[in-house]
Amino acid sequence: MQIRFMGAARTVTGSCYIVEANGHRFAVDCGMHQGNAEIEKRNWDIDVYEPNAIDFFLITHAHIDHSGLLPRLVKKGFRGPIYTTPPTKDLLEVMLLDSAHIQEMEALWKSRKRARHGERRLEALYTQKDAEMTFPLFKTVSYNKPFPPFPGLEVCFRDAGHILGAAMIELWIEENGNKAKLVFSGDVGRPAQLLVEDPSIENTADFLFMESTYGNRDHKNEADSLDELAEAIAYSYKNREKVVIPAFALERTQEIIYSLHILNKNGRLPVDMPVFLDSPLAIKATEIFRRYTDYLDKNTRAMLKSGENPLDLPQLHFTQTTQESMAINTMNGPAVVISASGMADAGRIKHHLRHNLWREGASIVFVGFQAQGTTGRKIVDGAETVRIFSEEIAIKAKIFTINGFSAHAGQSQLMEWLGNFRTRNMQVFLIHGEISSQQALADMIKKRFNFPVFIPDYLEEVTLKPGEELQMVEYPEKAAPRIDWGYILGDLDAGLAQLRARQAQIEAKAWVEQTDIRDKVLELNRGLMKTISEI
Ligand SMILES: [Zn+2]
Ligand SMILES: [Zn+2]
């Protein structure tokens with residue numbers, strides 16, 4: 001049996017693991033790669049997936065970094081079944097259409113820019129039509145009901161306690177008379193999360209593929225998080241400015257509404273501070289949450305039964321249209337604005353950040369993980385300015401990072417979950433995490449449980465045989481192509497030398513022309529200083 005790591009290997013996005021066994025080839029998850037331009041190139045390099053040769057997909061949950069590349073694979077020829085839970089299917093039908101719309105808009109925007117430079121237009125990564133062609137392939141499966149996609153393979157989805165309908169996936173693979181159990185943790189939820197149940201306990205596995213997003217830290221607790229949210233609200237209310245919350249449309253948004261519902265009940269949300277849910281996607285997701293009450297936790301079900309709706313509050317306004325969304329930014333006075341995307345890289349949130357980041361007294365509240373290379377990460381890491389819509393925006397608003405809302409287990413919760421396994425010689429693969437976080441967790445696992453731990457890289461292949469030593473094949477030239485710093489910096493030196501050699505020519509120009517050149521050089525210098533300060 002062979003596994004190939006197609007993504008979320010030493011990164012948190014692009015989850016996809018292709019398994020080959022018994023002459024079949026299938027994959028767990030099909031996530032989009034998100035981050036900087038270099039990471040996102042992987043979305044286009046689709047041949048490495050060999051979409052025609054994949055028999056079926058098992059999808060853990062509806063987050064785009066686990067499912068967002070499905071329409072791309074369908075566009076390139078995949079036609080097999082896609083197994084997932086009923087809520088995940090419904091959520092994906094909304095999420096993938098939205099993602100396709102973003103892809104189309106981005107391609108259009110870039111094409112227009114390229115046309116102005118006389119270059120050819122770009123195609124979208126995938127279109128809404130590709131997304132729609134994906135929907136008939138879904139086959140729904142319930143939690144805790146094993147099923148056999150082919151003889152010699154049994155699959156069981158279990159509640160991951162992460163977002164509505166999210167699953168961990170157990171696989172029993174029989175090959176040449178040997179049976180091995182694989183467990184893919186998916187994203188492991190944080191125990192005691194609002195809305196969903198705690199993650200299922202797993203006891204046995206020969207090979208465990210475990211997420212490690214928060215492998216090096218714990219979350220603050222929920223009560224602190226509520227206090228911090230209340231603090232941001234009080235701060236911007238006093239300054240008559242806005243609280244802007246970039247949030248994933250799915251789960252996080254519903255948890256924020258739930259939290260605002262609690263704050264409102266406790267008198268900590270001013271009655272004259274409207275709350276805008278400015279995301280058509282989040283509005284649709286909220287409706288799906290209301291439909292699948294069976295998949296919510298006991299507390300929430302009890303609340304709903306008693307007639308209290310934790311997904312509502314009197315100040316809440318849904319803004320569907322672009323006009324309504326734009327009106328929020330021309331409106332004076334304090335307000336809470338929840339908008340997507342969660343890492344501030346796409347969607348309406350970019351407009352809200354452009355209008356509020358530079359305003360003293362405003363608050364920007366980050367409630368989710370910010371991947372390397374995203375606008376959100378830059379702001380959280382303390383950048384003084386960020387580029388939004390080709391404009392450098394100063395950051396004067398107060399930045400809050402509240403990670404108690406996380407839908408991921410923190411370090412000690414991951415360790416506790418792992419502590420339930422009883423299989424000796426279990427081999428652990430850490431996936432879905434940044435390398436620093438994975439190394440910290442790997443050290444801890446080896447010390448406490450004595451399990452062998454592996455941290456696979458992008459496109460790495462591994463042959464699995466229970467009880468035998470692993471054979472790994474790495475492709476470092478693809479996973480991390482060498483960057484020739486000597487060449488790049490030499491080029492910069494040569495450019496500077498040429499500029500200096502032309503000093504006399506510059507001085508011979510008219511004064512007005514010289515000021516033009518001066519400004520261009522100063523601009524270059526500022527860029528250079530900014531880059532140096534970020535290293
Ligand atoms: Zn997730
Ligand atoms: Zn994830």
# chains A, B, ... in the order shown; residues from 1 in each chain; ligands from 1
>>> residues_near_ligand(ligand="ligand 2", cutoff="7 Å", atoms="only C-alpha atoms and all ligand atoms", output="list of chain:residue names")
A:Val12, A:Thr13, A:His63, A:Asp65, A:His66, A:Asp187, A:His432
>>> write_last_selection(atoms="N, CA, C and O atoms", output="PDB file, in the first residue's frame")
ATOM      1  N   VAL A  12      -0.505  24.123   6.091  1.00  0.00           N
ATOM      2  CA  VAL A  12      -1.833  23.788   6.623  1.00  0.00           C
ATOM      3  C   VAL A  12      -2.901  23.677   5.550  1.00  0.00           C
ATOM      4  O   VAL A  12      -4.034  23.319   5.847  1.00  0.00           O
ATOM      5  N   THR A  13      -2.585  24.005   4.313  1.00  0.00           N
ATOM      6  CA  THR A  13      -3.640  23.962   3.293  1.00  0.00           C
ATOM      7  C   THR A  13      -3.342  22.908   2.228  1.00  0.00           C
ATOM      8  O   THR A  13      -2.241  22.383   2.149  1.00  0.00           O
ATOM      9  N   HIS A  63     -14.502  22.526   4.702  1.00  0.00           N
ATOM     10  CA  HIS A  63     -13.558  23.642   4.563  1.00  0.00           C
ATOM     11  C   HIS A  63     -12.826  23.530   3.219  1.00  0.00           C
ATOM     12  O   HIS A  63     -12.447  22.438   2.801  1.00  0.00           O
ATOM     13  N   ASP A  65      -9.891  24.214   2.309  1.00  0.00           N
ATOM     14  CA  ASP A  65      -8.536  23.626   2.297  1.00  0.00           C
ATOM     15  C   ASP A  65      -8.579  22.094   2.380  1.00  0.00           C
ATOM     16  O   ASP A  65      -7.543  21.433   2.337  1.00  0.00           O
ATOM     17  N   HIS A  66      -9.801  21.523   2.462  1.00  0.00           N
ATOM     18  CA  HIS A  66      -9.957  20.064   2.434  1.00  0.00           C
ATOM     19  C   HIS A  66     -10.780  19.583   1.237  1.00  0.00           C
ATOM     20  O   HIS A  66     -10.872  18.383   0.996  1.00  0.00           O
ATOM     21  N   ASP A 187      -9.544  17.413  10.578  1.00  0.00           N
ATOM     22  CA  ASP A 187      -9.228  18.455  11.549  1.00  0.00           C
ATOM     23  C   ASP A 187      -9.875  18.054  12.871  1.00  0.00           C
ATOM     24  O   ASP A 187     -11.087  17.848  12.931  1.00  0.00           O
ATOM     25  N   HIS A 432      -0.875  18.648   7.991  1.00  0.00           N
ATOM     26  CA  HIS A 432      -1.697  19.815   8.261  1.00  0.00           C
ATOM     27  C   HIS A 432      -1.128  20.653   9.398  1.00  0.00           C
ATOM     28  O   HIS A 432      -1.759  20.837  10.446  1.00  0.00           O
TER      29      HIS A 432
END
>>> residues_near_ligand(ligand="ligand 1", cutoff="9 Å", atoms="only C-alpha atoms and all ligand atoms", output="PDB file with N, CA and C atoms, in the first residue's frame")
ATOM      1  N   THR A  60     -13.327  14.730   4.311  1.00  0.00           N
ATOM      2  CA  THR A  60     -13.540  14.854   5.761  1.00  0.00           C
ATOM      3  C   THR A  60     -14.514  15.966   6.113  1.00  0.00           C
ATOM      4  N   HIS A  61     -14.363  17.147   5.480  1.00  0.00           N
ATOM      5  CA  HIS A  61     -15.305  18.228   5.809  1.00  0.00           C
ATOM      6  C   HIS A  61     -15.288  19.339   4.775  1.00  0.00           C
ATOM      7  N   ALA A  62     -16.174  20.303   4.981  1.00  0.00           N
ATOM      8  CA  ALA A  62     -16.487  21.275   3.926  1.00  0.00           C
ATOM      9  C   ALA A  62     -15.545  22.479   3.877  1.00  0.00           C
ATOM     10  N   HIS A  63     -14.502  22.526   4.702  1.00  0.00           N
ATOM     11  CA  HIS A  63     -13.558  23.642   4.563  1.00  0.00           C
ATOM     12  C   HIS A  63     -12.826  23.530   3.219  1.00  0.00           C
ATOM     13  N   ILE A  64     -12.615  24.689   2.610  1.00  0.00           N
ATOM     14  CA  ILE A  64     -12.032  24.734   1.271  1.00  0.00           C
ATOM     15  C   ILE A  64     -10.635  24.112   1.219  1.00  0.00           C
ATOM     16  N   ASP A  65      -9.891  24.214   2.309  1.00  0.00           N
ATOM     17  CA  ASP A  65      -8.536  23.626   2.297  1.00  0.00           C
ATOM     18  C   ASP A  65      -8.579  22.094   2.380  1.00  0.00           C
ATOM     19  N   HIS A  66      -9.801  21.523   2.462  1.00  0.00           N
ATOM     20  CA  HIS A  66      -9.957  20.064   2.434  1.00  0.00           C
ATOM     21  C   HIS A  66     -10.780  19.583   1.237  1.00  0.00           C
ATOM     22  N   HIS A 162     -15.304  19.137  14.748  1.00  0.00           N
ATOM     23  CA  HIS A 162     -14.567  20.309  14.245  1.00  0.00           C
ATOM     24  C   HIS A 162     -15.529  21.357  13.695  1.00  0.00           C
ATOM     25  N   ILE A 163     -16.281  20.997  12.666  1.00  0.00           N
ATOM     26  CA  ILE A 163     -17.360  21.854  12.176  1.00  0.00           C
ATOM     27  C   ILE A 163     -18.542  20.944  11.855  1.00  0.00           C
ATOM     28  N   ALA A 166     -18.254  17.431  10.078  1.00  0.00           N
ATOM     29  CA  ALA A 166     -16.847  17.059   9.858  1.00  0.00           C
ATOM     30  C   ALA A 166     -16.550  15.660  10.385  1.00  0.00           C
ATOM     31  N   GLY A 186      -8.523  14.037  10.044  1.00  0.00           N
ATOM     32  CA  GLY A 186      -9.180  15.251   9.550  1.00  0.00           C
ATOM     33  C   GLY A 186      -8.732  16.385  10.441  1.00  0.00           C
ATOM     34  N   ASP A 187      -9.544  17.413  10.578  1.00  0.00           N
ATOM     35  CA  ASP A 187      -9.228  18.455  11.549  1.00  0.00           C
ATOM     36  C   ASP A 187      -9.875  18.054  12.871  1.00  0.00           C
ATOM     37  N   VAL A 188      -9.046  17.910  13.912  1.00  0.00           N
ATOM     38  CA  VAL A 188      -9.561  17.487  15.218  1.00  0.00           C
ATOM     39  C   VAL A 188     -10.156  18.694  15.929  1.00  0.00           C
ATOM     40  N   GLY A 189     -11.421  18.596  16.317  1.00  0.00           N
ATOM     41  CA  GLY A 189     -12.093  19.718  16.966  1.00  0.00           C
ATOM     42  C   GLY A 189     -11.570  19.993  18.355  1.00  0.00           C
ATOM     43  N   ALA A 407     -11.597  26.081  16.046  1.00  0.00           N
ATOM     44  CA  ALA A 407     -12.295  24.805  15.867  1.00  0.00           C
ATOM     45  C   ALA A 407     -11.276  23.669  15.833  1.00  0.00           C
ATOM     46  N   HIS A 408     -10.030  23.989  16.201  1.00  0.00           N
ATOM     47  CA  HIS A 408      -8.971  22.974  16.240  1.00  0.00           C
ATOM     48  C   HIS A 408      -8.558  22.693  17.680  1.00  0.00           C
TER      49      HIS A 408
END
>>> select_by_dssp(residues="segment 461-524 of chain A", states="helix (DSSP H, G or I)", output="PyMOL selection string")
chain A and resi 476-479+485-501+503-507+511-524
>>> write_last_selection(atoms="N, CA, C and O atoms", output="compact mmCIF listing (two decimals), in the first residue's frame")
# COMPACT_ATOMS: atom_id res chain seq x y z
N PRO A 476 12.54 16.47 -3.11
CA PRO A 476 12.84 17.81 -2.59
C PRO A 476 12.88 18.87 -3.68
O PRO A 476 12.51 20.02 -3.45
N GLU A 477 13.27 18.47 -4.90
CA GLU A 477 13.35 19.49 -5.97
C GLU A 477 11.96 20.00 -6.35
O GLU A 477 11.82 21.09 -6.88
N LYS A 478 10.91 19.20 -6.04
CA LYS A 478 9.54 19.67 -6.30
C LYS A 478 8.93 20.29 -5.04
O LYS A 478 8.20 21.26 -5.11
N ALA A 479 9.23 19.69 -3.90
CA ALA A 479 8.64 20.16 -2.64
C ALA A 479 9.15 21.55 -2.30
O ALA A 479 8.40 22.41 -1.85
N TRP A 485 19.76 32.48 -4.45
CA TRP A 485 19.94 33.80 -3.86
C TRP A 485 21.16 34.51 -4.40
O TRP A 485 21.16 35.73 -4.58
N GLY A 486 22.21 33.76 -4.67
CA GLY A 486 23.44 34.35 -5.22
C GLY A 486 23.13 35.09 -6.52
O GLY A 486 23.52 36.25 -6.70
N TYR A 487 22.35 34.43 -7.38
CA TYR A 487 22.02 35.03 -8.67
C TYR A 487 21.13 36.26 -8.51
O TYR A 487 21.39 37.32 -9.07
N ILE A 488 20.09 36.12 -7.66
CA ILE A 488 19.13 37.21 -7.49
C ILE A 488 19.81 38.46 -6.92
O ILE A 488 19.63 39.57 -7.42
N LEU A 489 20.64 38.26 -5.89
CA LEU A 489 21.29 39.41 -5.25
C LEU A 489 22.37 40.00 -6.17
O LEU A 489 22.57 41.22 -6.19
N GLY A 490 23.04 39.13 -6.94
CA GLY A 490 24.04 39.61 -7.89
C GLY A 490 23.40 40.51 -8.94
O GLY A 490 23.95 41.55 -9.31
N ASP A 491 22.19 40.11 -9.37
CA ASP A 491 21.44 40.89 -10.34
C ASP A 491 21.11 42.28 -9.80
O ASP A 491 21.21 43.29 -10.50
N LEU A 492 20.75 42.30 -8.52
CA LEU A 492 20.41 43.57 -7.86
C LEU A 492 21.65 44.47 -7.82
O LEU A 492 21.58 45.67 -8.12
N ASP A 493 22.80 43.88 -7.44
CA ASP A 493 24.07 44.62 -7.42
C ASP A 493 24.36 45.21 -8.79
O ASP A 493 24.73 46.39 -8.90
N ALA A 494 24.19 44.39 -9.83
CA ALA A 494 24.52 44.83 -11.18
C ALA A 494 23.62 46.00 -11.59
O ALA A 494 24.09 46.97 -12.19
N GLY A 495 22.32 45.93 -11.22
CA GLY A 495 21.39 47.00 -11.54
C GLY A 495 21.80 48.30 -10.88
O GLY A 495 21.79 49.37 -11.49
N LEU A 496 22.19 48.19 -9.62
CA LEU A 496 22.61 49.37 -8.86
C LEU A 496 23.87 49.99 -9.47
O LEU A 496 23.98 51.22 -9.58
N ALA A 497 24.79 49.13 -9.89
CA ALA A 497 26.04 49.61 -10.50
C ALA A 497 25.73 50.39 -11.79
O ALA A 497 26.31 51.45 -12.05
N GLN A 498 24.77 49.87 -12.55
CA GLN A 498 24.40 50.56 -13.81
C GLN A 498 23.79 51.92 -13.53
O GLN A 498 24.06 52.89 -14.23
N LEU A 499 22.95 51.95 -12.48
CA LEU A 499 22.32 53.22 -12.10
C LEU A 499 23.41 54.24 -11.72
O LEU A 499 23.38 55.39 -12.14
N ARG A 500 24.36 53.77 -10.90
CA ARG A 500 25.44 54.66 -10.45
C ARG A 500 26.25 55.14 -11.66
O ARG A 500 26.63 56.31 -11.72
N ALA A 501 26.49 54.25 -12.63
CA ALA A 501 27.27 54.62 -13.80
C ALA A 501 26.57 55.72 -14.62
O ALA A 501 27.19 56.42 -15.40
N GLN A 503 24.94 58.27 -13.29
CA GLN A 503 24.71 59.44 -12.43
C GLN A 503 24.91 60.75 -13.21
O GLN A 503 24.09 61.67 -13.11
N ALA A 504 26.01 60.81 -14.00
CA ALA A 504 26.29 62.04 -14.75
C ALA A 504 25.17 62.33 -15.73
O ALA A 504 24.74 63.49 -15.87
N GLN A 505 24.64 61.26 -16.40
CA GLN A 505 23.54 61.44 -17.36
C GLN A 505 22.30 61.99 -16.66
O GLN A 505 21.61 62.84 -17.20
N ILE A 506 22.04 61.47 -15.45
CA ILE A 506 20.86 61.94 -14.70
C ILE A 506 21.04 63.43 -14.38
O ILE A 506 20.12 64.22 -14.58
N GLU A 507 22.25 63.78 -13.92
CA GLU A 507 22.49 65.17 -13.52
C GLU A 507 22.41 66.14 -14.70
O GLU A 507 22.18 67.33 -14.51
N TRP A 511 15.69 69.67 -14.40
CA TRP A 511 15.42 69.48 -12.98
C TRP A 511 14.13 68.70 -12.74
O TRP A 511 14.08 67.79 -11.90
N VAL A 512 13.09 69.01 -13.52
CA VAL A 512 11.80 68.32 -13.32
C VAL A 512 11.95 66.83 -13.62
O VAL A 512 11.43 65.98 -12.89
N GLU A 513 12.68 66.50 -14.68
CA GLU A 513 12.93 65.09 -15.00
C GLU A 513 13.70 64.40 -13.89
O GLU A 513 13.44 63.25 -13.54
N GLN A 514 14.68 65.15 -13.35
CA GLN A 514 15.48 64.57 -12.24
C GLN A 514 14.60 64.25 -11.03
O GLN A 514 14.79 63.24 -10.37
N THR A 515 13.61 65.12 -10.76
CA THR A 515 12.75 64.84 -9.60
C THR A 515 11.92 63.57 -9.83
O THR A 515 11.68 62.81 -8.90
N ASP A 516 11.53 63.34 -11.09
CA ASP A 516 10.80 62.10 -11.42
C ASP A 516 11.66 60.88 -11.10
O ASP A 516 11.20 59.92 -10.46
N ILE A 517 12.90 60.93 -11.59
CA ILE A 517 13.81 59.80 -11.37
C ILE A 517 14.09 59.62 -9.88
O ILE A 517 14.08 58.51 -9.34
N ARG A 518 14.30 60.76 -9.21
CA ARG A 518 14.55 60.71 -7.76
C ARG A 518 13.41 59.97 -7.05
O ARG A 518 13.63 59.07 -6.24
N ASP A 519 12.16 60.33 -7.39
CA ASP A 519 11.03 59.70 -6.71
C ASP A 519 10.97 58.20 -6.97
O ASP A 519 10.64 57.42 -6.08
N LYS A 520 11.30 57.81 -8.20
CA LYS A 520 11.29 56.37 -8.51
C LYS A 520 12.35 55.63 -7.71
O LYS A 520 12.12 54.53 -7.19
N VAL A 521 13.54 56.24 -7.60
CA VAL A 521 14.62 55.59 -6.86
C VAL A 521 14.27 55.52 -5.37
O VAL A 521 14.50 54.50 -4.70
N LEU A 522 13.68 56.62 -4.85
CA LEU A 522 13.28 56.61 -3.43
C LEU A 522 12.25 55.52 -3.16
O LEU A 522 12.28 54.85 -2.13
N GLU A 523 11.34 55.34 -4.12
CA GLU A 523 10.30 54.30 -4.00
C GLU A 523 10.95 52.91 -3.92
O GLU A 523 10.59 52.07 -3.08
N LEU A 524 11.94 52.68 -4.81
CA LEU A 524 12.68 51.42 -4.80
C LEU A 524 13.34 51.20 -3.45
O LEU A 524 13.30 50.11 -2.88
>>> closest_residue(among="A:Phe209, A:Phe150, A:Phe78, A:Trp358", to="Ala397 of chain A", atoms="only C-alpha atoms")
A:Trp358
>>> decode(residues="segment 470-495 of chain A", atoms="N, CA and C atoms", output="PDB file, in the first residue's frame")
ATOM      1  N   LEU A 470       9.415   1.793   7.257  1.00  0.00           N
ATOM      2  CA  LEU A 470       8.820   2.567   6.170  1.00  0.00           C
ATOM      3  C   LEU A 470       9.816   2.830   5.058  1.00  0.00           C
ATOM      4  N   GLN A 471       9.307   2.804   3.844  1.00  0.00           N
ATOM      5  CA  GLN A 471      10.141   3.250   2.725  1.00  0.00           C
ATOM      6  C   GLN A 471       9.579   4.575   2.218  1.00  0.00           C
ATOM      7  N   MET A 472      10.415   5.598   2.284  1.00  0.00           N
ATOM      8  CA  MET A 472       9.954   6.919   1.864  1.00  0.00           C
ATOM      9  C   MET A 472      10.670   7.329   0.592  1.00  0.00           C
ATOM     10  N   VAL A 473       9.940   7.950  -0.306  1.00  0.00           N
ATOM     11  CA  VAL A 473      10.559   8.546  -1.483  1.00  0.00           C
ATOM     12  C   VAL A 473      10.260  10.036  -1.448  1.00  0.00           C
ATOM     13  N   GLU A 474      11.321  10.836  -1.448  1.00  0.00           N
ATOM     14  CA  GLU A 474      11.128  12.285  -1.371  1.00  0.00           C
ATOM     15  C   GLU A 474      11.433  12.925  -2.715  1.00  0.00           C
ATOM     16  N   TYR A 475      10.793  14.054  -2.945  1.00  0.00           N
ATOM     17  CA  TYR A 475      11.074  14.829  -4.155  1.00  0.00           C
ATOM     18  C   TYR A 475      11.402  16.269  -3.761  1.00  0.00           C
ATOM     19  N   PRO A 476      12.539  16.467  -3.106  1.00  0.00           N
ATOM     20  CA  PRO A 476      12.836  17.810  -2.588  1.00  0.00           C
ATOM     21  C   PRO A 476      12.876  18.874  -3.683  1.00  0.00           C
ATOM     22  N   GLU A 477      13.266  18.471  -4.902  1.00  0.00           N
ATOM     23  CA  GLU A 477      13.350  19.486  -5.972  1.00  0.00           C
ATOM     24  C   GLU A 477      11.962  20.003  -6.353  1.00  0.00           C
ATOM     25  N   LYS A 478      10.908  19.197  -6.043  1.00  0.00           N
ATOM     26  CA  LYS A 478       9.538  19.667  -6.297  1.00  0.00           C
ATOM     27  C   LYS A 478       8.933  20.287  -5.039  1.00  0.00           C
ATOM     28  N   ALA A 479       9.228  19.686  -3.896  1.00  0.00           N
ATOM     29  CA  ALA A 479       8.638  20.157  -2.641  1.00  0.00           C
ATOM     30  C   ALA A 479       9.152  21.551  -2.305  1.00  0.00           C
ATOM     31  N   ALA A 480      10.428  21.792  -2.527  1.00  0.00           N
ATOM     32  CA  ALA A 480      11.023  23.090  -2.192  1.00  0.00           C
ATOM     33  C   ALA A 480      12.114  23.407  -3.208  1.00  0.00           C
ATOM     34  N   PRO A 481      11.705  23.833  -4.412  1.00  0.00           N
ATOM     35  CA  PRO A 481      12.706  24.123  -5.443  1.00  0.00           C
ATOM     36  C   PRO A 481      13.707  25.169  -4.931  1.00  0.00           C
ATOM     37  N   ARG A 482      14.985  24.922  -5.239  1.00  0.00           N
ATOM     38  CA  ARG A 482      16.044  25.784  -4.716  1.00  0.00           C
ATOM     39  C   ARG A 482      15.884  27.208  -5.239  1.00  0.00           C
ATOM     40  N   ILE A 483      16.072  28.169  -4.358  1.00  0.00           N
ATOM     41  CA  ILE A 483      16.031  29.570  -4.771  1.00  0.00           C
ATOM     42  C   ILE A 483      17.474  30.050  -4.848  1.00  0.00           C
ATOM     43  N   ASP A 484      17.872  30.539  -6.025  1.00  0.00           N
ATOM     44  CA  ASP A 484      19.267  30.921  -6.235  1.00  0.00           C
ATOM     45  C   ASP A 484      19.508  32.353  -5.748  1.00  0.00           C
ATOM     46  N   TRP A 485      19.765  32.475  -4.449  1.00  0.00           N
ATOM     47  CA  TRP A 485      19.938  33.805  -3.861  1.00  0.00           C
ATOM     48  C   TRP A 485      21.162  34.514  -4.404  1.00  0.00           C
ATOM     49  N   GLY A 486      22.212  33.761  -4.670  1.00  0.00           N
ATOM     50  CA  GLY A 486      23.437  34.353  -5.219  1.00  0.00           C
ATOM     51  C   GLY A 486      23.134  35.095  -6.519  1.00  0.00           C
ATOM     52  N   TYR A 487      22.352  34.430  -7.378  1.00  0.00           N
ATOM     53  CA  TYR A 487      22.021  35.027  -8.675  1.00  0.00           C
ATOM     54  C   TYR A 487      21.133  36.260  -8.505  1.00  0.00           C
ATOM     55  N   ILE A 488      20.091  36.118  -7.659  1.00  0.00           N
ATOM     56  CA  ILE A 488      19.129  37.215  -7.487  1.00  0.00           C
ATOM     57  C   ILE A 488      19.810  38.458  -6.922  1.00  0.00           C
ATOM     58  N   LEU A 489      20.644  38.259  -5.890  1.00  0.00           N
ATOM     59  CA  LEU A 489      21.291  39.412  -5.252  1.00  0.00           C
ATOM     60  C   LEU A 489      22.371  40.003  -6.169  1.00  0.00           C
ATOM     61  N   GLY A 490      23.036  39.135  -6.936  1.00  0.00           N
ATOM     62  CA  GLY A 490      24.044  39.605  -7.893  1.00  0.00           C
ATOM     63  C   GLY A 490      23.404  40.511  -8.935  1.00  0.00           C
ATOM     64  N   ASP A 491      22.195  40.109  -9.370  1.00  0.00           N
ATOM     65  CA  ASP A 491      21.441  40.891 -10.340  1.00  0.00           C
ATOM     66  C   ASP A 491      21.115  42.283  -9.798  1.00  0.00           C
ATOM     67  N   LEU A 492      20.746  42.303  -8.519  1.00  0.00           N
ATOM     68  CA  LEU A 492      20.408  43.569  -7.859  1.00  0.00           C
ATOM     69  C   LEU A 492      21.645  44.471  -7.817  1.00  0.00           C
ATOM     70  N   ASP A 493      22.796  43.877  -7.441  1.00  0.00           N
ATOM     71  CA  ASP A 493      24.067  44.620  -7.416  1.00  0.00           C
ATOM     72  C   ASP A 493      24.361  45.215  -8.790  1.00  0.00           C
ATOM     73  N   ALA A 494      24.194  44.386  -9.827  1.00  0.00           N
ATOM     74  CA  ALA A 494      24.523  44.828 -11.185  1.00  0.00           C
ATOM     75  C   ALA A 494      23.621  46.001 -11.588  1.00  0.00           C
ATOM     76  N   GLY A 495      22.323  45.926 -11.217  1.00  0.00           N
ATOM     77  CA  GLY A 495      21.390  46.999 -11.542  1.00  0.00           C
ATOM     78  C   GLY A 495      21.803  48.300 -10.876  1.00  0.00           C
TER      79      GLY A 495
END
